[in-house]
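Below is entry-v4.cif, which holds mmCIF, C-alpha atoms and all ligand atoms.
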```cif
data_entry
loop_
_atom_site.label_atom_id
_atom_site.label_comp_id
_atom_site.auth_asym_id
_atom_site.auth_seq_id
_atom_site.Cartn_x
_atom_site.Cartn_y
_atom_site.Cartn_z
CA MET R 7 52.68 118.62 11.14
CA LEU R 8 51.47 117.00 7.92
CA GLU R 9 53.07 116.88 4.52
CA ILE R 10 51.51 115.13 1.56
CA LYS R 11 53.90 114.61 -1.33
CA ASP R 12 52.80 113.69 -4.87
CA LEU R 13 50.11 111.39 -3.54
CA THR R 14 48.33 109.31 -6.16
CA VAL R 15 45.49 107.07 -4.95
CA GLU R 16 43.25 104.56 -6.66
CA ILE R 17 39.98 103.01 -5.54
CA GLY R 18 39.23 99.72 -7.28
CA GLY R 19 41.75 100.50 -10.00
CA ARG R 20 40.34 103.96 -10.73
CA LYS R 21 42.54 106.98 -10.11
CA ILE R 22 40.86 109.24 -7.53
CA LEU R 23 43.75 111.47 -6.40
CA ASN R 24 46.46 112.62 -8.77
CA LYS R 25 49.85 113.80 -7.43
CA VAL R 26 48.36 115.71 -4.52
CA ASN R 27 50.69 118.02 -2.60
CA LEU R 28 49.42 119.62 0.57
CA LYS R 29 50.82 120.83 3.89
CA VAL R 30 49.36 121.51 7.30
CA GLU R 31 51.69 123.55 9.48
CA GLN R 32 51.82 122.98 13.22
CA GLY R 33 49.04 124.84 15.03
CA SER R 34 47.36 125.91 11.82
CA THR R 35 43.97 125.23 10.31
CA THR R 36 43.97 124.26 6.65
CA VAL R 37 40.73 124.12 4.69
CA LEU R 38 40.04 121.91 1.70
CA PHE R 39 37.35 123.02 -0.74
CA GLY R 40 36.12 121.24 -3.82
CA PRO R 41 33.01 120.17 -5.71
CA ASN R 42 31.21 116.90 -5.09
CA GLY R 43 33.20 113.90 -6.18
CA ALA R 44 36.50 115.80 -6.25
CA GLY R 45 38.16 113.27 -3.94
CA LYS R 46 38.13 115.27 -0.69
CA SER R 47 36.77 112.45 1.46
CA ALA R 48 39.06 109.97 -0.28
CA LEU R 49 42.03 112.14 0.70
CA LEU R 50 41.09 112.16 4.40
CA MET R 51 40.33 108.43 4.40
CA THR R 52 43.72 107.78 2.78
CA LEU R 53 45.46 109.98 5.37
CA MET R 54 43.86 107.96 8.16
CA GLY R 55 44.89 104.70 6.47
CA PHE R 56 41.53 103.10 5.73
CA SER R 57 41.52 100.09 3.42
CA GLY R 58 40.32 100.36 -0.18
CA TYR R 59 42.37 103.50 -0.82
CA ASP R 60 45.38 102.20 -2.72
CA ILE R 61 48.40 104.45 -2.63
CA VAL R 62 49.99 104.09 -6.05
CA SER R 63 52.77 106.59 -5.43
CA GLY R 64 53.73 109.45 -3.15
CA GLN R 65 54.24 109.90 0.55
CA ILE R 66 52.49 111.04 3.71
CA LEU R 67 54.72 112.55 6.40
CA PHE R 68 53.34 113.20 9.87
CA LYS R 69 55.58 115.06 12.31
CA GLY R 70 58.41 114.30 9.91
CA VAL R 71 57.83 110.53 9.95
CA ASP R 72 56.73 108.57 6.90
CA ILE R 73 53.33 107.10 7.81
CA THR R 74 52.34 106.13 4.25
CA HIS R 75 52.10 102.45 5.09
CA LEU R 76 51.14 102.48 8.76
CA SER R 77 47.86 101.00 10.03
CA VAL R 78 44.90 103.12 11.17
CA ASN R 79 45.78 102.21 14.75
CA GLU R 80 49.37 103.34 14.48
CA ARG R 81 48.28 106.64 12.92
CA ALA R 82 45.74 107.24 15.69
CA GLU R 83 48.40 106.49 18.30
CA ARG R 84 50.69 109.05 16.71
CA GLY R 85 47.98 111.71 16.99
CA LEU R 86 45.80 111.61 13.89
CA GLY R 87 42.07 111.89 14.58
CA ILE R 88 39.21 111.85 12.11
CA MET R 89 35.55 112.75 11.92
CA THR R 90 34.25 111.14 8.74
CA GLN R 91 31.49 112.56 6.58
CA ARG R 92 29.11 109.71 7.42
CA PRO R 93 30.16 108.18 10.71
CA PRO R 94 29.05 104.55 11.04
CA ASN R 95 26.52 103.14 13.51
CA LEU R 96 28.15 100.80 16.01
CA THR R 97 25.35 98.48 17.08
CA GLY R 98 26.17 96.75 20.35
CA VAL R 99 28.78 99.33 21.42
CA LYS R 100 27.69 101.85 24.03
CA LEU R 101 29.01 105.39 23.60
CA LYS R 102 30.33 105.46 27.18
CA ASP R 103 32.31 102.25 26.62
CA LEU R 104 33.80 103.52 23.38
CA VAL R 105 34.80 106.83 25.00
CA LYS R 106 36.39 104.89 27.87
CA VAL R 107 38.48 102.77 25.48
CA ILE R 108 39.51 105.81 23.44
CA SER R 109 40.64 107.79 26.49
CA ASN R 110 42.40 104.77 27.99
CA ASP R 111 45.90 106.18 28.22
CA HIS R 112 45.27 109.60 29.69
CA SER R 113 43.06 111.32 32.19
CA PHE R 114 39.82 112.40 30.60
CA ASP R 115 36.77 113.69 32.40
CA THR R 116 34.02 111.85 30.53
CA ASP R 117 31.25 113.31 32.65
CA ALA R 118 32.33 116.90 32.12
CA ALA R 119 32.90 116.38 28.39
CA SER R 120 29.57 114.65 27.80
CA LYS R 121 27.78 117.33 29.80
CA LYS R 122 29.46 120.07 27.79
CA LEU R 123 28.31 118.51 24.52
CA ASP R 124 24.88 117.74 25.96
CA MET R 125 25.50 114.04 25.33
CA GLU R 126 24.84 112.66 28.81
CA ARG R 127 21.63 110.91 27.86
CA PHE R 128 23.36 109.25 24.90
CA MET R 129 26.15 107.62 26.89
CA ASP R 130 24.19 104.40 27.48
CA ARG R 131 23.06 104.14 23.88
CA ASP R 132 24.70 102.34 20.97
CA VAL R 133 27.08 104.66 19.12
CA ASN R 134 25.23 106.77 16.55
CA VAL R 135 22.30 104.32 16.30
CA GLY R 136 19.15 106.40 15.85
CA PHE R 137 21.04 109.65 16.49
CA SER R 138 20.07 112.74 14.50
CA GLY R 139 22.62 114.41 12.19
CA GLY R 140 23.68 116.89 14.87
CA GLU R 141 23.79 114.22 17.58
CA ILE R 142 26.09 112.06 15.47
CA LYS R 143 28.52 114.95 15.01
CA ARG R 144 28.45 115.71 18.74
CA SER R 145 29.06 112.04 19.50
CA GLU R 146 32.04 112.10 17.12
CA LEU R 147 33.40 115.28 18.71
CA LEU R 148 33.10 113.69 22.14
CA GLN R 149 35.15 110.75 20.85
CA LEU R 150 37.72 113.13 19.38
CA SER R 151 38.00 115.06 22.64
CA ALA R 152 38.58 111.73 24.42
CA GLN R 153 41.31 110.89 21.91
CA ASN R 154 42.86 114.36 22.09
CA PRO R 155 44.67 114.11 18.73
CA CYS R 156 47.36 116.47 17.39
CA LEU R 157 45.86 116.76 13.92
CA TYR R 158 42.11 116.88 13.38
CA LEU R 159 40.83 115.58 10.05
CA LEU R 160 37.25 116.85 9.77
CA ASP R 161 35.12 115.90 6.79
CA GLU R 162 32.30 118.41 6.27
CA PRO R 163 31.50 118.85 9.96
CA GLU R 164 28.40 120.88 9.10
CA SER R 165 26.84 118.37 6.71
CA GLY R 166 23.51 116.91 7.79
CA VAL R 167 23.36 119.23 10.77
CA ASP R 168 20.59 121.70 11.68
CA LEU R 169 21.40 125.38 12.17
CA VAL R 170 21.22 125.30 15.97
CA SER R 171 23.63 122.37 16.22
CA ILE R 172 26.06 124.01 13.78
CA GLU R 173 26.86 126.70 16.30
CA GLU R 174 27.54 124.14 19.03
CA ILE R 175 29.61 121.98 16.70
CA GLY R 176 31.57 124.93 15.30
CA THR R 177 32.29 126.29 18.76
CA THR R 178 33.35 122.87 20.03
CA ILE R 179 35.73 122.38 17.09
CA ASP R 180 37.25 125.78 17.77
CA GLU R 181 37.77 124.85 21.43
CA LEU R 182 39.29 121.47 20.58
CA LEU R 183 41.73 123.05 18.15
CA SER R 184 42.72 125.62 20.77
CA SER R 185 43.24 123.02 23.51
CA ARG R 186 46.51 121.27 24.28
CA SER R 187 47.64 117.84 23.10
CA LYS R 188 50.89 115.93 23.31
CA CYS R 189 52.00 117.80 20.16
CA SER R 190 51.23 121.31 21.37
CA VAL R 191 54.06 123.79 21.40
CA ASP R 192 53.68 127.01 23.38
CA HIS R 193 54.62 129.60 20.80
CA TYR R 194 52.22 128.35 18.13
CA LYS R 195 48.98 130.12 17.45
CA ARG R 196 46.82 127.12 18.33
CA GLY R 197 47.35 124.01 20.40
CA ASN R 198 46.40 121.68 17.58
CA SER R 199 46.37 121.44 13.81
CA ALA R 200 43.48 120.72 11.47
CA LEU R 201 42.60 119.80 7.93
CA ILE R 202 38.92 120.64 7.47
CA ILE R 203 36.80 119.85 4.45
CA THR R 204 33.93 122.23 3.98
CA HIS R 205 31.53 122.54 1.12
CA THR R 206 29.46 125.45 2.41
CA GLY R 207 32.11 127.18 4.51
CA GLN R 208 29.67 127.38 7.45
CA VAL R 209 32.20 125.99 9.92
CA LEU R 210 34.40 128.99 9.12
CA ASP R 211 31.91 131.16 11.01
CA TYR R 212 33.40 129.58 14.14
CA VAL R 213 36.90 128.48 13.15
CA GLU R 214 39.54 130.82 11.77
CA PRO R 215 41.29 129.20 8.79
CA ASP R 216 44.91 129.92 7.84
CA VAL R 217 45.35 128.28 4.45
CA GLY R 218 42.96 127.03 1.79
CA TYR R 219 43.26 124.47 -1.00
CA ILE R 220 40.87 123.67 -3.83
CA LEU R 221 40.68 120.10 -5.08
CA CYS R 222 39.02 119.38 -8.41
CA ASN R 223 38.95 116.00 -10.12
CA GLY R 224 41.56 114.61 -7.75
CA VAL R 225 44.00 117.43 -8.50
CA VAL R 226 45.01 120.30 -6.20
CA MET R 227 44.21 123.38 -8.27
CA CYS R 228 45.39 126.10 -5.96
CA ARG R 229 46.52 127.12 -2.50
CA GLY R 230 45.73 130.49 -1.01
CA ASN R 231 43.73 132.68 1.33
CA PRO R 232 40.76 130.57 2.45
CA ARG R 233 38.40 133.51 2.98
CA GLU R 234 39.11 134.82 -0.53
CA MET R 235 38.59 131.34 -1.97
CA LEU R 236 35.26 130.95 -0.21
CA LYS R 237 34.13 134.33 -1.54
CA GLU R 238 35.00 133.25 -5.09
CA ILE R 239 33.34 129.87 -4.69
CA LYS R 240 30.18 131.45 -3.31
CA ALA R 241 30.08 133.94 -6.17
CA HIS R 242 31.04 131.69 -9.07
CA GLY R 243 30.87 128.06 -7.91
CA TYR R 244 33.60 125.65 -8.82
CA GLN R 245 33.83 126.76 -12.44
CA GLU R 246 36.55 128.84 -10.83
CA CYS R 247 38.67 125.70 -10.59
CA ILE R 248 40.23 126.30 -13.97
CA LYS R 249 40.64 130.03 -13.49
CA CYS R 250 42.29 129.45 -10.16
CA LYS R 251 44.68 127.01 -11.78
CA GLN R 252 45.75 129.58 -14.33
CA ALA R 253 46.14 132.24 -11.70
CA THR R 254 48.24 130.40 -9.15
CA LEU R 255 50.09 127.45 -10.66
P1 LIG B 301 34.16 114.24 -2.32
O1 LIG B 301 34.35 113.92 -0.89
O2 LIG B 301 35.09 115.28 -2.82
O3 LIG B 301 32.73 114.58 -2.64
P2 LIG B 301 34.86 111.45 -2.67
O4 LIG B 301 36.23 111.40 -2.14
O5 LIG B 301 33.77 110.93 -1.80
O6 LIG B 301 34.51 112.93 -3.17
O7 LIG B 301 34.81 110.63 -4.02
C1 LIG B 301 35.76 110.84 -5.06
C2 LIG B 301 35.49 109.87 -6.18
O8 LIG B 301 35.79 108.55 -5.73
C3 LIG B 301 34.04 109.85 -6.62
O9 LIG B 301 34.01 109.69 -8.03
C4 LIG B 301 33.49 108.63 -5.94
O10 LIG B 301 32.41 108.06 -6.63
C5 LIG B 301 34.67 107.70 -5.93
N1 LIG B 301 34.63 106.75 -4.80
C6 LIG B 301 34.66 107.06 -3.48
N2 LIG B 301 34.58 105.95 -2.73
C7 LIG B 301 34.48 104.92 -3.59
C8 LIG B 301 34.36 103.50 -3.44
N3 LIG B 301 34.34 102.93 -2.24
N4 LIG B 301 34.31 102.75 -4.57
C9 LIG B 301 34.34 103.33 -5.79
N5 LIG B 301 34.47 104.65 -6.01
C10 LIG B 301 34.52 105.44 -4.93
MG MG B 302 30.80 115.15 -1.24
MG MG B 303 33.10 113.94 0.69
#
```

Exercise: express the given structure as structure tokens:
Amino acid sequence: MLEIKDLTVEIGGRKILNKVNLKVEQGSTTVLFGPNGAGKSALLMTLMGFSGYDIVSGQILFKGVDITHLSVNERAERGLGIMTQRPPNLTGVKLKDLVKVISNDHSFDTDAASKKLDMERFMDRDVNVGFSGGEIKRSELLQLSAQNPCLYLLDEPESGVDLVSIEEIGTTIDELLSSRSKCSVDHYKRGNSALIITHTGQVLDYVEPDVGYILCNGVVMCRGNPREMLKEIKAHGYQECIKCKQATL
């Protein structure tokens, strides 16, 4: 579904990602761990094609097509969807209007989806303006369900969210990943694919991960069993970065 090859990225002339290699197989959930400032968010923003992330070298392949230099729009049309770590407020744009634009090209039951996420009373409000942490994430998930992407890029879905909302958000993510999109193939484990950044691992109480990566200082240190990695990280923190490098590379 996604293949990142030797990707080196700079922000304002400073190297943030260094020869990153990473794969997300069709229908699988890949988790990206790493300490603060490692470059995790920068990687997702680069994958989605946001400006300011300068690709110095390397390649991004999506469904076998080189998307390295495509616009955000073109990537979204091909089936990439993102929930950023700090989604922006869109003053002057009502949530219901945004959802309508996003779901333009296919049938989407806005009423049912907003009811399911308990977002009905937010539909007439400006997107994310004055929303709590959990409400913002639910608003973003509503937008993602309207988009129905093939690959979900989720940046710390549990961050800034209270414990009650985490369950709802985690369960919704699991449902979205299990649903069908234009890329779904019957014999795969899940309908959709995901690359999820998680610092605490809380989202993994609701979503079953297949592969894990650890990113430190812009470098992929290792690839392995995500549950084992989380156990190590919880026990030893990210000092394990170096150990993990010696063990697996
Ligand atoms: P993570 O998500 O792993 O915590 P980030 O990807 O947010 O890390 O940041 C990686 C590095 O890039 C950090 O050193 C951060 O300060 C830097 N960085 C991120 N965005 C910008 C920006 N817009 N301008 C300058 N530096 C940035
Ligand atoms: Mg961070
Ligand atoms: Mg981040």

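The neighbours of region 131-144 of chain R here are the residues that come within 6 Å of it, using all atoms listed in the file and leaving out any residue fewer than 3 positions away in the same chain; they are Asn95, Leu96, Thr97, Gly98, Val99, Lys100, Leu101, Phe128, Leu147, Gly166, Val167 and Ser171 of chain R.
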
Legend entry - Proximity to ligand LIG 301 (chain B) - best of R:Ser187, R:Ser120, R:Ser145, R:Ser57, only C-alpha atoms and all ligand atoms: R:Ser57

Inset, instruction - State, in Å with one decimal place, the distance from CA of Gly40 (chain R) to CA of Asn79 (chain R). - result: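 So the answer is 28.3 Å.
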
Can you build me a table of region 140-237 of chain R residues sitting at most 9 Å from region 9-30 of chain R, with the closest atom pair per residue and its distance in Å to one decimal, using all atoms listed in the file, sorted by chain and residue number, as CSV?
```
residue,atom,partner,partner_atom,distance
R:Leu157,CA,R:Val30,CA,8.9
R:Ser199,CA,R:Val30,CA,7.2
R:Ala200,CA,R:Val30,CA,7.3
R:Leu201,CA,R:Val30,CA,7.0
R:Val217,CA,R:Val30,CA,8.4
R:Tyr219,CA,R:Leu28,CA,8.0
R:Leu221,CA,R:Val26,CA,8.9
R:Asn223,CA,R:Ile22,CA,7.5
R:Gly224,CA,R:Leu23,CA,4.1
R:Val225,CA,R:Asn24,CA,5.4
R:Val226,CA,R:Val26,CA,5.9
R:Arg229,CA,R:Leu28,CA,8.6
```

Legend entry - Point-to-point distance in Å for CA of Met89 (chain R) and CA of Asp161 (chain R):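 Separation between CA of Asp161 (chain R) and CA of Met89 (chain R): 6.0 Å.
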
Quick one: 5 Å padding each side, axis-aligned, all listed atoms of ligand LIG 301 (chain B) - centre and edge lengths in Å to one decimal, as AutoDock Vina command-line options?
```
--center_x 34.3 --center_y 109.0 --center_z -4.5 --size_x 13.8 --size_y 22.5 --size_z 17.1
```

Inset, instruction - Around ligand MG 302 (chain B), at most 12 Å away and counting only C-alpha atoms and all ligand atoms, which residues are there? Put them as a PyMOL selection string, please. - result: chain R and resi 38-49+90-92+161-163+165-166+203-206+221-222

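Proximity ranking of R:Ile66, R:Val209, R:Leu148, R:Met51 relative to ligand MG 303 (chain B) places R:Met51 first, based on only C-alpha atoms and all ligand atoms.
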
Requested file, region 146-167 of chain R restricted to N, CA and C atoms, as a PDB file, in the first residue's frame:
```pdb
ATOM      1  N   GLU R 146     -12.506  15.082  13.536  1.00  0.00           N
ATOM      2  CA  GLU R 146     -11.552  14.627  12.519  1.00  0.00           C
ATOM      3  C   GLU R 146     -11.916  13.224  12.006  1.00  0.00           C
ATOM      4  N   LEU R 147     -12.361  12.366  12.936  1.00  0.00           N
ATOM      5  CA  LEU R 147     -12.731  11.007  12.526  1.00  0.00           C
ATOM      6  C   LEU R 147     -13.997  11.020  11.663  1.00  0.00           C
ATOM      7  N   LEU R 148     -14.889  11.948  11.954  1.00  0.00           N
ATOM      8  CA  LEU R 148     -16.082  12.108  11.120  1.00  0.00           C
ATOM      9  C   LEU R 148     -15.663  12.517   9.702  1.00  0.00           C
ATOM     10  N   GLN R 149     -14.712  13.446   9.620  1.00  0.00           N
ATOM     11  CA  GLN R 149     -14.215  13.874   8.306  1.00  0.00           C
ATOM     12  C   GLN R 149     -13.541  12.711   7.569  1.00  0.00           C
ATOM     13  N   LEU R 150     -12.767  11.927   8.329  1.00  0.00           N
ATOM     14  CA  LEU R 150     -12.105  10.776   7.703  1.00  0.00           C
ATOM     15  C   LEU R 150     -13.124   9.749   7.219  1.00  0.00           C
ATOM     16  N   SER R 151     -14.185   9.528   8.014  1.00  0.00           N
ATOM     17  CA  SER R 151     -15.174   8.541   7.565  1.00  0.00           C
ATOM     18  C   SER R 151     -15.896   9.056   6.321  1.00  0.00           C
ATOM     19  N   ALA R 152     -16.058  10.378   6.212  1.00  0.00           N
ATOM     20  CA  ALA R 152     -16.661  10.948   5.002  1.00  0.00           C
ATOM     21  C   ALA R 152     -15.736  10.775   3.801  1.00  0.00           C
ATOM     22  N   GLN R 153     -14.442  10.876   4.051  1.00  0.00           N
ATOM     23  CA  GLN R 153     -13.463  10.721   2.957  1.00  0.00           C
ATOM     24  C   GLN R 153     -13.311   9.263   2.546  1.00  0.00           C
ATOM     25  N   ASN R 154     -13.403   8.369   3.538  1.00  0.00           N
ATOM     26  CA  ASN R 154     -13.246   6.932   3.308  1.00  0.00           C
ATOM     27  C   ASN R 154     -11.936   6.590   2.585  1.00  0.00           C
ATOM     28  N   PRO R 155     -10.800   6.963   3.202  1.00  0.00           N
ATOM     29  CA  PRO R 155      -9.508   6.727   2.542  1.00  0.00           C
ATOM     30  C   PRO R 155      -9.083   5.255   2.590  1.00  0.00           C
ATOM     31  N   CYS R 156      -8.034   4.942   1.815  1.00  0.00           N
ATOM     32  CA  CYS R 156      -7.488   3.576   1.793  1.00  0.00           C
ATOM     33  C   CYS R 156      -6.413   3.418   2.857  1.00  0.00           C
ATOM     34  N   LEU R 157      -5.686   4.500   3.091  1.00  0.00           N
ATOM     35  CA  LEU R 157      -4.597   4.476   4.073  1.00  0.00           C
ATOM     36  C   LEU R 157      -4.815   5.608   5.065  1.00  0.00           C
ATOM     37  N   TYR R 158      -4.939   5.232   6.336  1.00  0.00           N
ATOM     38  CA  TYR R 158      -5.154   6.200   7.403  1.00  0.00           C
ATOM     39  C   TYR R 158      -3.814   6.576   8.028  1.00  0.00           C
ATOM     40  N   LEU R 159      -3.491   7.860   8.013  1.00  0.00           N
ATOM     41  CA  LEU R 159      -2.306   8.358   8.695  1.00  0.00           C
ATOM     42  C   LEU R 159      -2.793   9.053   9.963  1.00  0.00           C
ATOM     43  N   LEU R 160      -2.520   8.452  11.118  1.00  0.00           N
ATOM     44  CA  LEU R 160      -3.086   8.973  12.368  1.00  0.00           C
ATOM     45  C   LEU R 160      -1.955   9.376  13.311  1.00  0.00           C
ATOM     46  N   ASP R 161      -1.915  10.666  13.625  1.00  0.00           N
ATOM     47  CA  ASP R 161      -0.826  11.182  14.454  1.00  0.00           C
ATOM     48  C   ASP R 161      -1.283  11.313  15.907  1.00  0.00           C
ATOM     49  N   GLU R 162      -0.843  10.409  16.730  1.00  0.00           N
ATOM     50  CA  GLU R 162      -1.175  10.381  18.159  1.00  0.00           C
ATOM     51  C   GLU R 162      -2.662  10.636  18.411  1.00  0.00           C
ATOM     52  N   PRO R 163      -3.507   9.700  17.960  1.00  0.00           N
ATOM     53  CA  PRO R 163      -4.951   9.903  18.101  1.00  0.00           C
ATOM     54  C   PRO R 163      -5.411  10.061  19.548  1.00  0.00           C
ATOM     55  N   GLU R 164      -4.618   9.601  20.495  1.00  0.00           N
ATOM     56  CA  GLU R 164      -5.043   9.698  21.895  1.00  0.00           C
ATOM     57  C   GLU R 164      -4.565  10.974  22.578  1.00  0.00           C
ATOM     58  N   SER R 165      -3.745  11.769  21.894  1.00  0.00           N
ATOM     59  CA  SER R 165      -3.162  12.922  22.586  1.00  0.00           C
ATOM     60  C   SER R 165      -4.198  14.020  22.824  1.00  0.00           C
ATOM     61  N   GLY R 166      -4.203  14.562  24.016  1.00  0.00           N
ATOM     62  CA  GLY R 166      -5.127  15.631  24.387  1.00  0.00           C
ATOM     63  C   GLY R 166      -6.555  15.168  24.593  1.00  0.00           C
ATOM     64  N   VAL R 167      -6.724  13.855  24.782  1.00  0.00           N
ATOM     65  CA  VAL R 167      -8.064  13.292  24.873  1.00  0.00           C
ATOM     66  C   VAL R 167      -8.288  12.684  26.261  1.00  0.00           C
TER      67      VAL R 167
END
```
